[in-house]
Amino acid sequence: MMTVKLQIVIGIAILFVFAILVNMIRRRSLELKYALSWMAVLYALFIFDCSPGLLIVVSDFLGIYAPVNMIFFLGFCFSLVIIFSLTVALSRMSNRIRTLDQMVALNEKRLQELESELKKAKGNKRQEEE
């Protein structure tokens, strides 16, 4: 079991991390859709910190021998979810970047064509003036 002093320290640390998370969302350095999973984890940790007996009940219900092992297992599952969501976001961004790159290449080609047409038109205009 955790001592009351340790529970208070962990609770303060969780609230501190939550405040940092909210501040990052407010400054728009972290999108809300990515922050929601972190908020859910902080909320669960805070609940387990406030009532450590609940951690024992849940680990017994899931058939996990030690509550600490349940925390490690949940951390591993959370890490997998984060990795999967970031992989999906990276894939989407890669597709968007590829599309933008193709659009830029087409615009550059069109710009070169227009510049060459303009040069030809200027050349024809000079010949007519002479």
# chains A, B, ... in the order shown; residues from 1 in each chain; ligands from 1
$ residues_around --residues "Ile82 of chain A" --least-positions-apart "5" --cutoff "10 Å" --atoms "only C-alpha atoms" --output "JSON, numbers by chain"
{"A": [34, 37, 38, 76, 77, 87, 88]}
$ write_last_selection --atoms "N, CA, C and O atoms" --output "PDB file, in the first residue's frame"
ATOM      1  N   TYR A  34      -5.233  14.777 -29.585  1.00  0.00           N
ATOM      2  CA  TYR A  34      -4.131  13.993 -29.028  1.00  0.00           C
ATOM      3  C   TYR A  34      -4.075  14.127 -27.509  1.00  0.00           C
ATOM      4  O   TYR A  34      -3.610  13.228 -26.816  1.00  0.00           O
ATOM      5  N   SER A  37      -6.451  11.593 -24.883  1.00  0.00           N
ATOM      6  CA  SER A  37      -5.981  10.311 -24.348  1.00  0.00           C
ATOM      7  C   SER A  37      -5.085  10.529 -23.129  1.00  0.00           C
ATOM      8  O   SER A  37      -5.162   9.780 -22.157  1.00  0.00           O
ATOM      9  N   TRP A  38      -4.256  11.561 -23.187  1.00  0.00           N
ATOM     10  CA  TRP A  38      -3.417  11.859 -22.025  1.00  0.00           C
ATOM     11  C   TRP A  38      -4.267  12.286 -20.837  1.00  0.00           C
ATOM     12  O   TRP A  38      -3.978  11.924 -19.690  1.00  0.00           O
ATOM     13  N   PHE A  76       1.523  -0.253 -20.971  1.00  0.00           N
ATOM     14  CA  PHE A  76       1.895  -0.859 -22.245  1.00  0.00           C
ATOM     15  C   PHE A  76       0.762  -0.721 -23.260  1.00  0.00           C
ATOM     16  O   PHE A  76       0.993  -0.343 -24.420  1.00  0.00           O
ATOM     17  N   CYS A  77      -0.467  -0.995 -22.832  1.00  0.00           N
ATOM     18  CA  CYS A  77      -1.621  -0.859 -23.734  1.00  0.00           C
ATOM     19  C   CYS A  77      -1.798   0.589 -24.178  1.00  0.00           C
ATOM     20  O   CYS A  77      -2.066   0.862 -25.357  1.00  0.00           O
ATOM     21  N   THR A  87       0.836   6.771 -35.777  1.00  0.00           N
ATOM     22  CA  THR A  87       1.112   6.177 -37.083  1.00  0.00           C
ATOM     23  C   THR A  87       0.029   6.559 -38.084  1.00  0.00           C
ATOM     24  O   THR A  87       0.317   6.885 -39.241  1.00  0.00           O
ATOM     25  N   VAL A  88      -1.217   6.551 -37.653  1.00  0.00           N
ATOM     26  CA  VAL A  88      -2.323   6.961 -38.524  1.00  0.00           C
ATOM     27  C   VAL A  88      -2.171   8.434 -38.907  1.00  0.00           C
ATOM     28  O   VAL A  88      -2.316   8.808 -40.076  1.00  0.00           O
TER      29      VAL A  88
END
$ closest_residue --among "A:Ile71, A:Leu45, A:Leu100, A:Leu118" --to "Gly11 of chain A" --atoms "only C-alpha atoms"
A:Leu45
$ atom_distance --atom1 "atom CA of Val104 of chain A" --atom2 "atom CA of Lys33 of chain A"
29.5 Å
$ residues_around --residues "Val9 of chain A" --least-positions-apart "5" --cutoff "12 Å" --atoms "only C-alpha atoms" --output "list in words"
Met2, Thr3, Val4, Ile14, Leu15, Phe16, Phe46, Asp49 and Cys50 of chain A
